[in-house]
>>> print(open('model-v6.pdb').read())   # PDB, C-alpha atoms
ATOM      1  CA  MET A   1     -53.274  68.601 263.529
ATOM      2  CA  LEU A   2     -56.969  68.882 264.350
ATOM      3  CA  THR A   3     -57.370  72.159 266.202
ATOM      4  CA  GLN A   4     -61.031  72.060 267.170
ATOM      5  CA  THR A   5     -63.734  69.702 268.335
ATOM      6  CA  THR A   6     -64.545  67.147 265.683
ATOM      7  CA  SER A   7     -65.217  63.461 265.154
ATOM      8  CA  ARG A   8     -63.894  61.143 262.474
ATOM      9  CA  VAL A   9     -63.337  57.480 261.654
ATOM     10  CA  LEU A  10     -59.939  56.455 262.995
ATOM     11  CA  GLU A  11     -57.291  54.897 260.766
ATOM     12  CA  PRO A  12     -54.594  52.300 261.503
ATOM     13  CA  SER A  13     -52.097  55.127 262.071
ATOM     14  CA  ASP A  14     -54.228  56.299 265.033
ATOM     15  CA  LEU A  15     -53.639  53.064 266.952
ATOM     16  CA  GLU A  16     -51.301  54.445 269.613
ATOM     17  CA  ALA A  17     -53.631  57.338 270.448
ATOM     18  CA  ALA A  18     -56.665  55.033 270.575
ATOM     19  CA  LEU A  19     -54.912  52.595 272.908
ATOM     20  CA  ALA A  20     -54.013  55.494 275.195
ATOM     21  CA  VAL A  21     -57.708  56.372 275.532
ATOM     22  CA  LEU A  22     -58.675  52.727 276.105
ATOM     23  CA  ASP A  23     -55.980  52.406 278.749
ATOM     24  CA  ARG A  24     -57.601  55.122 280.876
ATOM     25  CA  GLU A  25     -60.278  52.620 281.987
ATOM     26  CA  PRO A  26     -58.679  49.178 281.536
ATOM     27  CA  VAL A  27     -61.438  47.210 283.276
ATOM     28  CA  ALA A  28     -64.481  48.820 281.654
ATOM     29  CA  ASN A  29     -62.780  48.829 278.228
ATOM     30  CA  ALA A  30     -61.315  45.305 278.338
ATOM     31  CA  PHE A  31     -63.579  43.911 275.610
ATOM     32  CA  VAL A  32     -62.789  46.611 273.051
ATOM     33  CA  THR A  33     -59.120  46.893 274.074
ATOM     34  CA  ALA A  34     -58.619  43.168 273.521
ATOM     35  CA  ARG A  35     -60.072  43.422 270.004
ATOM     36  CA  VAL A  36     -57.990  46.467 269.115
ATOM     37  CA  GLN A  37     -54.770  44.912 270.425
ATOM     38  CA  VAL A  38     -55.312  41.902 268.157
ATOM     39  CA  ALA A  39     -56.831  43.556 265.082
ATOM     40  CA  GLY A  40     -55.644  47.160 265.151
ATOM     41  CA  LEU A  41     -57.986  49.778 263.695
ATOM     42  CA  ASP A  42     -58.454  48.391 260.187
ATOM     43  CA  PRO A  43     -62.256  47.978 259.902
ATOM     44  CA  TRP A  44     -62.017  44.648 258.074
ATOM     45  CA  ARG A  45     -59.893  43.073 260.796
ATOM     46  CA  LEU A  46     -61.580  44.895 263.683
ATOM     47  CA  GLY A  47     -65.084  43.967 262.570
ATOM     48  CA  GLY A  48     -66.250  47.572 262.617
ATOM     49  CA  GLU A  49     -65.159  51.185 262.644
ATOM     50  CA  MET A  50     -63.596  53.074 265.531
ATOM     51  CA  TRP A  51     -64.882  56.616 265.773
ATOM     52  CA  GLY A  52     -62.796  59.242 267.516
ATOM     53  CA  TRP A  53     -63.738  62.535 269.178
ATOM     54  CA  TYR A  54     -61.112  65.262 269.307
ATOM     55  CA  GLU A  55     -60.928  68.307 271.548
ATOM     56  CA  HIS A  56     -58.185  70.869 270.849
ATOM     57  CA  GLY A  57     -56.416  68.393 268.615
ATOM     58  CA  MET A  58     -56.364  65.619 271.241
ATOM     59  CA  LEU A  59     -58.212  62.310 270.897
ATOM     60  CA  THR A  60     -60.356  62.151 274.060
ATOM     61  CA  SER A  61     -63.255  59.756 273.372
ATOM     62  CA  LEU A  62     -63.969  56.709 271.220
ATOM     63  CA  CYS A  63     -66.950  54.757 269.955
ATOM     64  CA  TYR A  64     -66.674  51.237 268.550
ATOM     65  CA  ALA A  65     -69.233  50.715 265.788
ATOM     66  CA  GLY A  66     -69.491  47.057 264.847
ATOM     67  CA  ALA A  67     -71.880  44.307 265.914
ATOM     68  CA  ASN A  68     -72.214  46.424 269.065
ATOM     69  CA  LEU A  69     -72.148  50.194 269.402
ATOM     70  CA  VAL A  70     -69.872  50.957 272.368
ATOM     71  CA  PRO A  71     -69.124  54.464 273.704
ATOM     72  CA  ILE A  72     -65.674  54.597 275.341
ATOM     73  CA  CYS A  73     -64.537  57.318 277.768
ATOM     74  CA  ALA A  74     -67.236  59.370 276.062
ATOM     75  CA  THR A  75     -68.015  62.897 277.244
ATOM     76  CA  PRO A  76     -71.512  64.341 276.656
ATOM     77  CA  ARG A  77     -70.269  66.332 273.639
ATOM     78  CA  ALA A  78     -68.597  63.222 272.224
ATOM     79  CA  VAL A  79     -71.797  61.197 272.688
ATOM     80  CA  ARG A  80     -73.750  63.790 270.717
ATOM     81  CA  ALA A  81     -71.222  63.601 267.885
ATOM     82  CA  PHE A  82     -71.299  59.786 267.915
ATOM     83  CA  ALA A  83     -75.120  59.828 267.876
ATOM     84  CA  ASP A  84     -75.095  62.126 264.836
ATOM     85  CA  ARG A  85     -72.708  59.804 263.016
ATOM     86  CA  ALA A  86     -74.731  56.719 263.995
ATOM     87  CA  ARG A  87     -77.968  58.299 262.755
ATOM     88  CA  ARG A  88     -76.399  59.123 259.397
ATOM     89  CA  ALA A  89     -74.985  55.629 259.009
ATOM     90  CA  GLY A  90     -78.208  53.865 260.060
ATOM     91  CA  ARG A  91     -78.439  51.060 262.573
ATOM     92  CA  ARG A  92     -76.076  48.196 261.788
ATOM     93  CA  CYS A  93     -75.552  46.896 265.328
ATOM     94  CA  SER A  94     -77.478  44.307 267.343
ATOM     95  CA  SER A  95     -76.946  46.188 270.601
ATOM     96  CA  ILE A  96     -75.667  49.359 272.239
ATOM     97  CA  VAL A  97     -73.596  48.558 275.310
ATOM     98  CA  GLY A  98     -71.221  50.457 277.552
ATOM     99  CA  PRO A  99     -70.918  52.489 280.756
ATOM    100  CA  ALA A 100     -74.419  53.360 281.934
ATOM    101  CA  GLY A 101     -74.206  57.174 281.762
ATOM    102  CA  PRO A 102     -72.901  57.652 278.208
ATOM    103  CA  THR A 103     -74.926  54.686 276.924
ATOM    104  CA  ALA A 104     -78.148  56.136 278.340
ATOM    105  CA  GLN A 105     -77.426  59.480 276.685
ATOM    106  CA  LEU A 106     -76.578  57.788 273.384
ATOM    107  CA  TRP A 107     -79.829  55.820 273.480
ATOM    108  CA  ARG A 108     -81.910  58.927 274.284
ATOM    109  CA  LEU A 109     -80.506  60.561 271.154
ATOM    110  CA  LEU A 110     -80.910  57.491 268.923
ATOM    111  CA  GLU A 111     -84.221  56.101 270.180
ATOM    112  CA  PRO A 112     -86.451  58.404 268.071
ATOM    113  CA  GLY A 113     -84.901  56.984 264.911
ATOM    114  CA  TRP A 114     -83.746  53.554 266.019
ATOM    115  CA  GLY A 115     -86.416  52.554 268.506
ATOM    116  CA  PRO A 116     -88.174  50.751 269.829
ATOM    117  CA  ALA A 117     -85.568  48.388 271.256
ATOM    118  CA  ARG A 118     -86.376  44.756 271.936
ATOM    119  CA  GLU A 119     -85.137  45.234 275.504
ATOM    120  CA  VAL A 120     -83.329  47.909 277.508
ATOM    121  CA  ARG A 121     -81.272  46.856 280.529
ATOM    122  CA  THR A 122     -80.604  50.159 282.224
ATOM    123  CA  ARG A 123     -78.316  48.941 284.999
ATOM    124  CA  GLN A 124     -75.865  46.043 284.860
ATOM    125  CA  PRO A 125     -73.417  46.220 287.791
ATOM    126  CA  LEU A 126     -69.754  46.055 286.746
ATOM    127  CA  MET A 127     -67.861  43.906 289.253
ATOM    128  CA  VAL A 128     -64.144  43.230 289.740
ATOM    129  CA  THR A 129     -61.741  41.254 291.884
ATOM    130  CA  ASP A 130     -57.996  40.694 291.988
ATOM    131  CA  ARG A 131     -57.878  37.743 294.413
ATOM    132  CA  LEU A 132     -59.321  34.336 295.131
ATOM    133  CA  PRO A 133     -61.884  33.951 297.936
ATOM    134  CA  ASP A 134     -60.591  32.699 301.273
ATOM    135  CA  ASP A 135     -63.648  30.656 302.135
ATOM    136  CA  ILE A 136     -64.714  29.011 298.844
ATOM    137  CA  ALA A 137     -62.589  26.213 297.424
ATOM    138  CA  PRO A 138     -62.392  26.159 293.616
ATOM    139  CA  ASP A 139     -64.347  23.271 292.102
ATOM    140  CA  PRO A 140     -61.673  20.688 291.171
ATOM    141  CA  TYR A 141     -63.877  19.345 288.358
ATOM    142  CA  VAL A 142     -63.995  22.642 286.453
ATOM    143  CA  ARG A 143     -61.339  22.548 283.730
ATOM    144  CA  ARG A 144     -60.457  23.898 280.319
ATOM    145  CA  VAL A 145     -62.670  22.624 277.527
ATOM    146  CA  ARG A 146     -60.725  20.610 274.950
ATOM    147  CA  LYS A 147     -60.968  21.194 271.209
ATOM    148  CA  ASP A 148     -62.501  17.738 270.726
ATOM    149  CA  GLU A 149     -65.359  18.691 273.092
ATOM    150  CA  MET A 150     -66.958  21.333 270.870
ATOM    151  CA  ASP A 151     -70.024  19.144 270.350
ATOM    152  CA  ARG A 152     -70.493  18.995 274.137
ATOM    153  CA  ILE A 153     -69.932  22.657 275.001
ATOM    154  CA  MET A 154     -71.866  24.134 272.067
ATOM    155  CA  PRO A 155     -75.400  23.206 273.257
ATOM    156  CA  ALA A 156     -74.635  24.716 276.678
ATOM    157  CA  CYS A 157     -73.370  27.924 275.051
ATOM    158  CA  VAL A 158     -76.488  28.179 272.886
ATOM    159  CA  ALA A 159     -78.734  27.582 275.925
ATOM    160  CA  MET A 160     -76.904  30.247 277.945
ATOM    161  CA  PHE A 161     -77.043  32.822 275.130
ATOM    162  CA  THR A 162     -80.733  32.197 274.442
ATOM    163  CA  GLU A 163     -81.593  32.444 278.124
ATOM    164  CA  GLU A 164     -79.523  35.608 278.593
ATOM    165  CA  VAL A 165     -80.289  37.545 275.402
ATOM    166  CA  GLY A 166     -83.750  36.238 274.563
ATOM    167  CA  ILE A 167     -82.973  35.023 271.047
ATOM    168  CA  SER A 168     -80.964  32.080 269.751
ATOM    169  CA  PRO A 169     -77.458  32.738 268.403
ATOM    170  CA  MET A 170     -78.218  30.122 265.749
ATOM    171  CA  ALA A 171     -80.691  32.449 264.013
ATOM    172  CA  GLY A 172     -79.726  34.439 260.943
ATOM    173  CA  ASP A 173     -76.565  32.783 259.643
ATOM    174  CA  GLY A 174     -77.345  29.370 261.129
ATOM    175  CA  GLY A 175     -74.973  30.038 263.990
ATOM    176  CA  LEU A 176     -71.774  30.177 261.921
ATOM    177  CA  LEU A 177     -70.412  33.309 263.591
ATOM    178  CA  TYR A 178     -71.369  32.114 267.053
ATOM    179  CA  GLN A 179     -69.815  28.682 266.499
ATOM    180  CA  ALA A 180     -66.628  30.357 265.304
ATOM    181  CA  ARG A 181     -66.544  32.519 268.434
ATOM    182  CA  VAL A 182     -67.029  29.519 270.745
ATOM    183  CA  ALA A 183     -64.328  27.615 268.836
ATOM    184  CA  GLU A 184     -61.985  30.598 269.216
ATOM    185  CA  LEU A 185     -62.463  30.647 273.001
ATOM    186  CA  VAL A 186     -62.007  26.876 273.263
ATOM    187  CA  GLY A 187     -58.937  26.987 271.037
ATOM    188  CA  SER A 188     -57.324  29.751 273.087
ATOM    189  CA  GLY A 189     -57.896  27.897 276.369
ATOM    190  CA  ARG A 190     -60.430  30.425 277.672
ATOM    191  CA  SER A 191     -63.496  28.153 277.884
ATOM    192  CA  PHE A 192     -64.108  26.261 281.139
ATOM    193  CA  ALA A 193     -66.667  23.671 282.184
ATOM    194  CA  ARG A 194     -67.608  20.914 284.576
ATOM    195  CA  PHE A 195     -69.064  17.796 282.964
ATOM    196  CA  ASP A 196     -71.184  15.125 284.634
ATOM    197  CA  ALA A 197     -70.609  11.378 284.292
ATOM    198  CA  ASP A 198     -72.519  11.333 281.002
ATOM    199  CA  GLY A 199     -70.462  14.158 279.501
ATOM    200  CA  LYS A 200     -73.184  16.791 279.934
ATOM    201  CA  VAL A 201     -72.117  20.328 280.837
ATOM    202  CA  VAL A 202     -73.355  21.212 284.331
ATOM    203  CA  PHE A 203     -71.399  24.475 284.747
ATOM    204  CA  LYS A 204     -69.544  26.651 282.262
ATOM    205  CA  ALA A 205     -67.972  30.078 281.842
ATOM    206  CA  GLU A 206     -65.508  31.786 279.520
ATOM    207  CA  ILE A 207     -62.865  34.461 279.704
ATOM    208  CA  GLY A 208     -64.368  36.434 276.868
ATOM    209  CA  ALA A 209     -61.818  39.227 276.665
ATOM    210  CA  ALA A 210     -58.264  39.505 277.923
ATOM    211  CA  THR A 211     -55.580  42.181 278.010
ATOM    212  CA  ASP A 212     -52.425  42.355 280.093
ATOM    213  CA  ARG A 213     -54.285  44.555 282.612
ATOM    214  CA  ALA A 214     -57.741  42.996 282.911
ATOM    215  CA  CYS A 215     -59.923  40.161 281.704
ATOM    216  CA  GLN A 216     -63.681  39.766 281.487
ATOM    217  CA  ILE A 217     -65.530  36.615 282.510
ATOM    218  CA  GLN A 218     -68.731  35.928 280.597
ATOM    219  CA  GLY A 219     -71.213  33.201 279.738
ATOM    220  CA  VAL A 220     -71.583  31.902 283.296
ATOM    221  CA  TRP A 221     -74.225  29.180 283.227
ATOM    222  CA  VAL A 222     -75.438  26.296 285.370
ATOM    223  CA  HIS A 223     -77.569  23.565 283.803
ATOM    224  CA  PRO A 224     -81.185  23.977 284.998
ATOM    225  CA  GLU A 225     -81.158  20.484 286.555
ATOM    226  CA  TYR A 226     -78.206  21.457 288.757
ATOM    227  CA  ARG A 227     -79.294  24.905 289.900
ATOM    228  CA  GLY A 228     -79.604  25.452 293.633
ATOM    229  CA  LYS A 229     -77.046  22.733 294.382
ATOM    230  CA  GLY A 230     -74.105  24.978 295.189
ATOM    231  CA  LEU A 231     -72.131  24.588 291.951
ATOM    232  CA  ALA A 232     -71.956  28.226 290.891
ATOM    233  CA  ALA A 233     -69.669  29.703 293.572
ATOM    234  CA  PRO A 234     -67.008  26.930 293.515
ATOM    235  CA  GLY A 235     -67.231  26.937 289.709
ATOM    236  CA  MET A 236     -66.651  30.676 289.564
ATOM    237  CA  ALA A 237     -63.765  30.346 292.032
ATOM    238  CA  ALA A 238     -62.183  27.776 289.701
ATOM    239  CA  VAL A 239     -62.541  30.009 286.643
ATOM    240  CA  LEU A 240     -61.224  32.945 288.655
ATOM    241  CA  ARG A 241     -58.148  30.919 289.639
ATOM    242  CA  TYR A 242     -57.375  30.251 285.967
ATOM    243  CA  ALA A 243     -58.064  33.889 285.064
ATOM    244  CA  LEU A 244     -55.779  35.421 287.684
ATOM    245  CA  ALA A 245     -53.008  32.854 287.307
ATOM    246  CA  ASP A 246     -52.855  32.706 283.514
ATOM    247  CA  THR A 247     -54.543  35.768 282.048
ATOM    248  CA  ALA A 248     -54.587  39.095 283.913
ATOM    249  CA  PRO A 249     -54.150  40.602 287.401
ATOM    250  CA  VAL A 250     -57.795  41.729 287.546
ATOM    251  CA  ALA A 251     -60.956  39.847 286.561
ATOM    252  CA  SER A 252     -64.246  41.590 285.813
ATOM    253  CA  LEU A 253     -67.783  40.820 284.733
ATOM    254  CA  TYR A 254     -71.083  42.608 284.396
ATOM    255  CA  VAL A 255     -74.435  41.177 285.395
ATOM    256  CA  ASN A 256     -78.100  42.118 285.092
ATOM    257  CA  ASP A 257     -79.277  43.917 288.223
ATOM    258  CA  PHE A 258     -82.401  41.722 288.328
ATOM    259  CA  ASN A 259     -80.309  38.521 288.476
ATOM    260  CA  THR A 260     -80.104  38.468 292.263
ATOM    261  CA  ALA A 261     -78.878  34.863 292.467
ATOM    262  CA  ALA A 262     -75.889  35.563 290.194
ATOM    263  CA  ARG A 263     -75.055  38.825 291.964
ATOM    264  CA  ARG A 264     -75.117  37.024 295.312
ATOM    265  CA  THR A 265     -72.775  34.345 293.945
ATOM    266  CA  TYR A 266     -70.293  36.878 292.586
ATOM    267  CA  LEU A 267     -70.250  38.766 295.890
ATOM    268  CA  ARG A 268     -69.583  35.495 297.728
ATOM    269  CA  VAL A 269     -66.618  34.793 295.452
ATOM    270  CA  GLY A 270     -65.204  38.243 296.217
ATOM    271  CA  PHE A 271     -66.288  40.440 293.315
ATOM    272  CA  GLN A 272     -67.022  44.046 294.232
ATOM    273  CA  GLU A 273     -69.276  46.472 292.383
ATOM    274  CA  VAL A 274     -67.299  49.364 290.857
ATOM    275  CA  GLY A 275     -69.710  50.812 288.319
ATOM    276  CA  ALA A 276     -72.542  49.940 285.954
ATOM    277  CA  PHE A 277     -73.081  49.105 282.317
ATOM    278  CA  MET A 278     -76.227  49.473 280.244
ATOM    279  CA  SER A 279     -77.366  47.422 277.272
ATOM    280  CA  VAL A 280     -79.918  48.181 274.558
ATOM    281  CA  LEU A 281     -80.885  45.030 272.638
ATOM    282  CA  PHE A 282     -82.442  45.088 269.159
TER     283      PHE A 282
END
>>> encode(input="model-v6.pdb", output="C-alpha cells")
Amino acid sequence: MLTQTTSRVLEPSDLEAALAVLDREPVANAFVTARVQVAGLDPWRLGGEMWGWYEHGMLTSLCYAGANLVPICATPRAVRAFADRARRAGRRCSSIVGPAGPTAQLWRLLEPGWGPAREVRTRQPLMVTDRLPDDIAPDPYVRRVRKDEMDRIMPACVAMFTEEVGISPMAGDGGLLYQARVAELVGSGRSFARFDADGKVVFKAEIGAATDRACQIQGVWVHPEYRGKGLAAPGMAAVLRYALADTAPVASLYVNDFNTAARRTYLRVGFQEVGAFMSVLF
C-alpha cells in the first residue's frame, strides 16, 4: 500500500478506485467517467493515461492525460503533482479543460513551459437540469440522425466545431478522427437534428457523454440562416426529452460565458448554473 503522498500512472487494476473518485462529482466528471466505463484504464483503449494522486494510501484525485488534460477532483497538492508530471512528459494535448479552480492552477504552473495558448476561456458556466420545461414545447421535427444521413450532418458538425473552437476539425489527419467520433454518436443514437425541406440541418445537438447518473449535451448549433427565429429553445427541449427519457436522470452542458444568447436559451429551457469550467486551447 502507498503510505504517503505520491502520484503515479494508474493501471487497469485501479479501475474500481478510479471510478469511486469519478463518482464523487458525477455531473462534472461525466465525460471522463463515460470513457473509463467503456474503456477501463488501459491507455490504448482509453486514449490516454489516467494519473492518480494518493494521500495516506488513498486515491483522492485524478488527471486524464489524452487529447485533453483534465484534472478531476484535484486538490491543490494534486494539481502541483500533475503539473510536474505534465511538464516532464511534454505537451501532447490540444486543450486543458476541467473545473475552473483546479484548471486555472494547472495552467498557471504549465504556462511558462507550454504557453502561450491559442485561447484561454476562464469561465464556462456548468449548467444542469433534471426535468423538461413547463412552458416550451419540444420541437417535433428534431429527431435522431440516421446512419444514412452522415453526409448531411457532417457539414453542420464541422461548421459548429470551427465556429466554437476556432479551427477546423478536418485539419491534421483530414478529419478522420472527427468523422469517426460523429459516426459513433450517430450510430449510438445520440445525435439529433432538425432538417429543412431540402435536407439541410437547421438545428443540431449531441449527447456527447453518458453514464447512468448524468449525461452531457454538446455541439448545440443553429444554422446561421435560421438564427433569431426561435428554433434553439424548442430544439433543446426536444434533445432534453430524449436525454432524460433514454439516457440519464440529469442532463448537463457547459457554455462560454460570453455566449449570452446560448446562456439565455439554456436558462429558458430550465438549466441552472451549478459551477464553472475553464478551457485552455492550443
>>> residues_around(input="model-v6.pdb", residues="His223 of chain A", least_positions_apart="2", cutoff="8 Å", atoms="all atoms listed in the file", output="PyMOL selection string")
chain A and resi 156+201-203+221+225-227
>>> closest_residue(input="model-v6.pdb", among="A:Asp198, A:Val9, A:Asn256, A:Phe271", to="Thr122 of chain A", atoms="only C-alpha atoms")
A:Asn256
>>> residues_around(input="model-v6.pdb", residues="Gly275 of chain A", least_positions_apart="6", cutoff="8 Å", atoms="only C-alpha atoms", output="ChimeraX atom specification")
/A:99,125-127
>>> write_last_selection(input="model-v6.pdb", atoms="C-alpha atoms", output="PDB file, in the frame of the given file")
ATOM      1  CA  PRO A  99     -70.918  52.489 280.756  1.00  0.00           C
ATOM      2  CA  PRO A 125     -73.417  46.220 287.791  1.00  0.00           C
ATOM      3  CA  LEU A 126     -69.754  46.055 286.746  1.00  0.00           C
ATOM      4  CA  MET A 127     -67.861  43.906 289.253  1.00  0.00           C
TER       5      MET A 127
END
>>> residues_around(input="model-v6.pdb", residues="Ala104 of chain A", least_positions_apart="2", cutoff="12 Å", atoms="only C-alpha atoms", output="MDAnalysis selection string")
chainID A and resid 70:71 74 76 79:80 83 96:102 106:111 120:123 276:280
>>> closest_residue(input="model-v6.pdb", among="A:Thr265, A:Thr247, A:Asn259, A:Thr6", to="Pro234 of chain A", atoms="all atoms listed in the file")
A:Thr265
>>> resolve_selection(input="model-v6.pdb", expression="the PyMOL selection byres ((chain A and resi 41-51) around 12)", output="MDAnalysis selection string")
chainID A and resid 6:19 22 32:40 52:54 59:72 74 78:79 81:86 89 92:93 177
>>> write_last_selection(input="model-v6.pdb", atoms="C-alpha atoms", output="PDB file, in the frame of the given file")
ATOM      1  CA  THR A   6     -64.545  67.147 265.683  1.00  0.00           C
ATOM      2  CA  SER A   7     -65.217  63.461 265.154  1.00  0.00           C
ATOM      3  CA  ARG A   8     -63.894  61.143 262.474  1.00  0.00           C
ATOM      4  CA  VAL A   9     -63.337  57.480 261.654  1.00  0.00           C
ATOM      5  CA  LEU A  10     -59.939  56.455 262.995  1.00  0.00           C
ATOM      6  CA  GLU A  11     -57.291  54.897 260.766  1.00  0.00           C
ATOM      7  CA  PRO A  12     -54.594  52.300 261.503  1.00  0.00           C
ATOM      8  CA  SER A  13     -52.097  55.127 262.071  1.00  0.00           C
ATOM      9  CA  ASP A  14     -54.228  56.299 265.033  1.00  0.00           C
ATOM     10  CA  LEU A  15     -53.639  53.064 266.952  1.00  0.00           C
ATOM     11  CA  GLU A  16     -51.301  54.445 269.613  1.00  0.00           C
ATOM     12  CA  ALA A  17     -53.631  57.338 270.448  1.00  0.00           C
ATOM     13  CA  ALA A  18     -56.665  55.033 270.575  1.00  0.00           C
ATOM     14  CA  LEU A  19     -54.912  52.595 272.908  1.00  0.00           C
ATOM     15  CA  LEU A  22     -58.675  52.727 276.105  1.00  0.00           C
ATOM     16  CA  VAL A  32     -62.789  46.611 273.051  1.00  0.00           C
ATOM     17  CA  THR A  33     -59.120  46.893 274.074  1.00  0.00           C
ATOM     18  CA  ALA A  34     -58.619  43.168 273.521  1.00  0.00           C
ATOM     19  CA  ARG A  35     -60.072  43.422 270.004  1.00  0.00           C
ATOM     20  CA  VAL A  36     -57.990  46.467 269.115  1.00  0.00           C
ATOM     21  CA  GLN A  37     -54.770  44.912 270.425  1.00  0.00           C
ATOM     22  CA  VAL A  38     -55.312  41.902 268.157  1.00  0.00           C
ATOM     23  CA  ALA A  39     -56.831  43.556 265.082  1.00  0.00           C
ATOM     24  CA  GLY A  40     -55.644  47.160 265.151  1.00  0.00           C
ATOM     25  CA  GLY A  52     -62.796  59.242 267.516  1.00  0.00           C
ATOM     26  CA  TRP A  53     -63.738  62.535 269.178  1.00  0.00           C
ATOM     27  CA  TYR A  54     -61.112  65.262 269.307  1.00  0.00           C
ATOM     28  CA  LEU A  59     -58.212  62.310 270.897  1.00  0.00           C
ATOM     29  CA  THR A  60     -60.356  62.151 274.060  1.00  0.00           C
ATOM     30  CA  SER A  61     -63.255  59.756 273.372  1.00  0.00           C
ATOM     31  CA  LEU A  62     -63.969  56.709 271.220  1.00  0.00           C
ATOM     32  CA  CYS A  63     -66.950  54.757 269.955  1.00  0.00           C
ATOM     33  CA  TYR A  64     -66.674  51.237 268.550  1.00  0.00           C
ATOM     34  CA  ALA A  65     -69.233  50.715 265.788  1.00  0.00           C
ATOM     35  CA  GLY A  66     -69.491  47.057 264.847  1.00  0.00           C
ATOM     36  CA  ALA A  67     -71.880  44.307 265.914  1.00  0.00           C
ATOM     37  CA  ASN A  68     -72.214  46.424 269.065  1.00  0.00           C
ATOM     38  CA  LEU A  69     -72.148  50.194 269.402  1.00  0.00           C
ATOM     39  CA  VAL A  70     -69.872  50.957 272.368  1.00  0.00           C
ATOM     40  CA  PRO A  71     -69.124  54.464 273.704  1.00  0.00           C
ATOM     41  CA  ILE A  72     -65.674  54.597 275.341  1.00  0.00           C
ATOM     42  CA  ALA A  74     -67.236  59.370 276.062  1.00  0.00           C
ATOM     43  CA  ALA A  78     -68.597  63.222 272.224  1.00  0.00           C
ATOM     44  CA  VAL A  79     -71.797  61.197 272.688  1.00  0.00           C
ATOM     45  CA  ALA A  81     -71.222  63.601 267.885  1.00  0.00           C
ATOM     46  CA  PHE A  82     -71.299  59.786 267.915  1.00  0.00           C
ATOM     47  CA  ALA A  83     -75.120  59.828 267.876  1.00  0.00           C
ATOM     48  CA  ASP A  84     -75.095  62.126 264.836  1.00  0.00           C
ATOM     49  CA  ARG A  85     -72.708  59.804 263.016  1.00  0.00           C
ATOM     50  CA  ALA A  86     -74.731  56.719 263.995  1.00  0.00           C
ATOM     51  CA  ALA A  89     -74.985  55.629 259.009  1.00  0.00           C
ATOM     52  CA  ARG A  92     -76.076  48.196 261.788  1.00  0.00           C
ATOM     53  CA  CYS A  93     -75.552  46.896 265.328  1.00  0.00           C
ATOM     54  CA  LEU A 177     -70.412  33.309 263.591  1.00  0.00           C
TER      55      LEU A 177
END
>>> closest_residue(input="model-v6.pdb", among="A:Arg152, A:Arg146, A:Arg181, A:Arg194", to="Met236 of chain A", atoms="only C-alpha atoms")
A:Arg194
>>> resolve_selection(input="model-v6.pdb", expression="the PyMOL selection byres ((chain A and resi 207-216) around 7)", output="VMD selection string")
chain A and resid 26 to 27 30 to 31 34 190 to 191 206 217 to 218 247 to 253
>>> resolve_selection(input="model-v6.pdb", expression="the PyMOL selection byres ((chain A and resi 268) around 9)", output="ChimeraX atom specification")
/A:133,135-136,233,263-267,269-271
>>> closest_residue(input="model-v6.pdb", among="A:Pro140, A:Gln124, A:Tyr178, A:Leu240", to="Ala262 of chain A", atoms="all atoms listed in the file")
A:Gln124
>>> closest_residue(input="model-v6.pdb", among="A:Gly57, A:Ala28, A:Met154, A:Arg91", to="Cys73 of chain A", atoms="all atoms listed in the file")
A:Ala28
>>> atom_distance(input="model-v6.pdb", atom1="atom CA of Ala137 of chain A", atom2="atom CA of Leu185 of chain A")
24.8 Å
>>> atom_distance(input="model-v6.pdb", atom1="atom CA of Val186 of chain A", atom2="atom CA of Val158 of chain A")
14.5 Å
>>> atom_distance(input="model-v6.pdb", atom1="atom CA of Arg88 of chain A", atom2="atom CA of Gly172 of chain A")
25.0 Å
>>> closest_residue(input="model-v6.pdb", among="A:Leu281, A:Ile153, A:Val239, A:Ala171", to="Arg118 of chain A", atoms="all atoms listed in the file")
A:Leu281
>>> axis_aligned_box(input="model-v6.pdb", around="segment 171-183 of chain A", padding_each_side="4 Å", output="AutoDock Vina command-line options")
--center_x -72.5 --center_y 31.0 --center_z 265.2 --size_x 24.4 --size_y 14.8 --size_z 19.1
>>> residues_near_point(input="model-v6.pdb", point="(-75.7, 28.8, 279.6)", cutoff="9 Å", atoms="only C-alpha atoms", output="list in words")
Pro155, Ala156, Cys157, Val158, Ala159, Met160, Phe161, Thr162, Glu163, Glu164, Phe203, Lys204, Ala205, Gly219, Val220, Trp221, Val222 and His223 of chain A
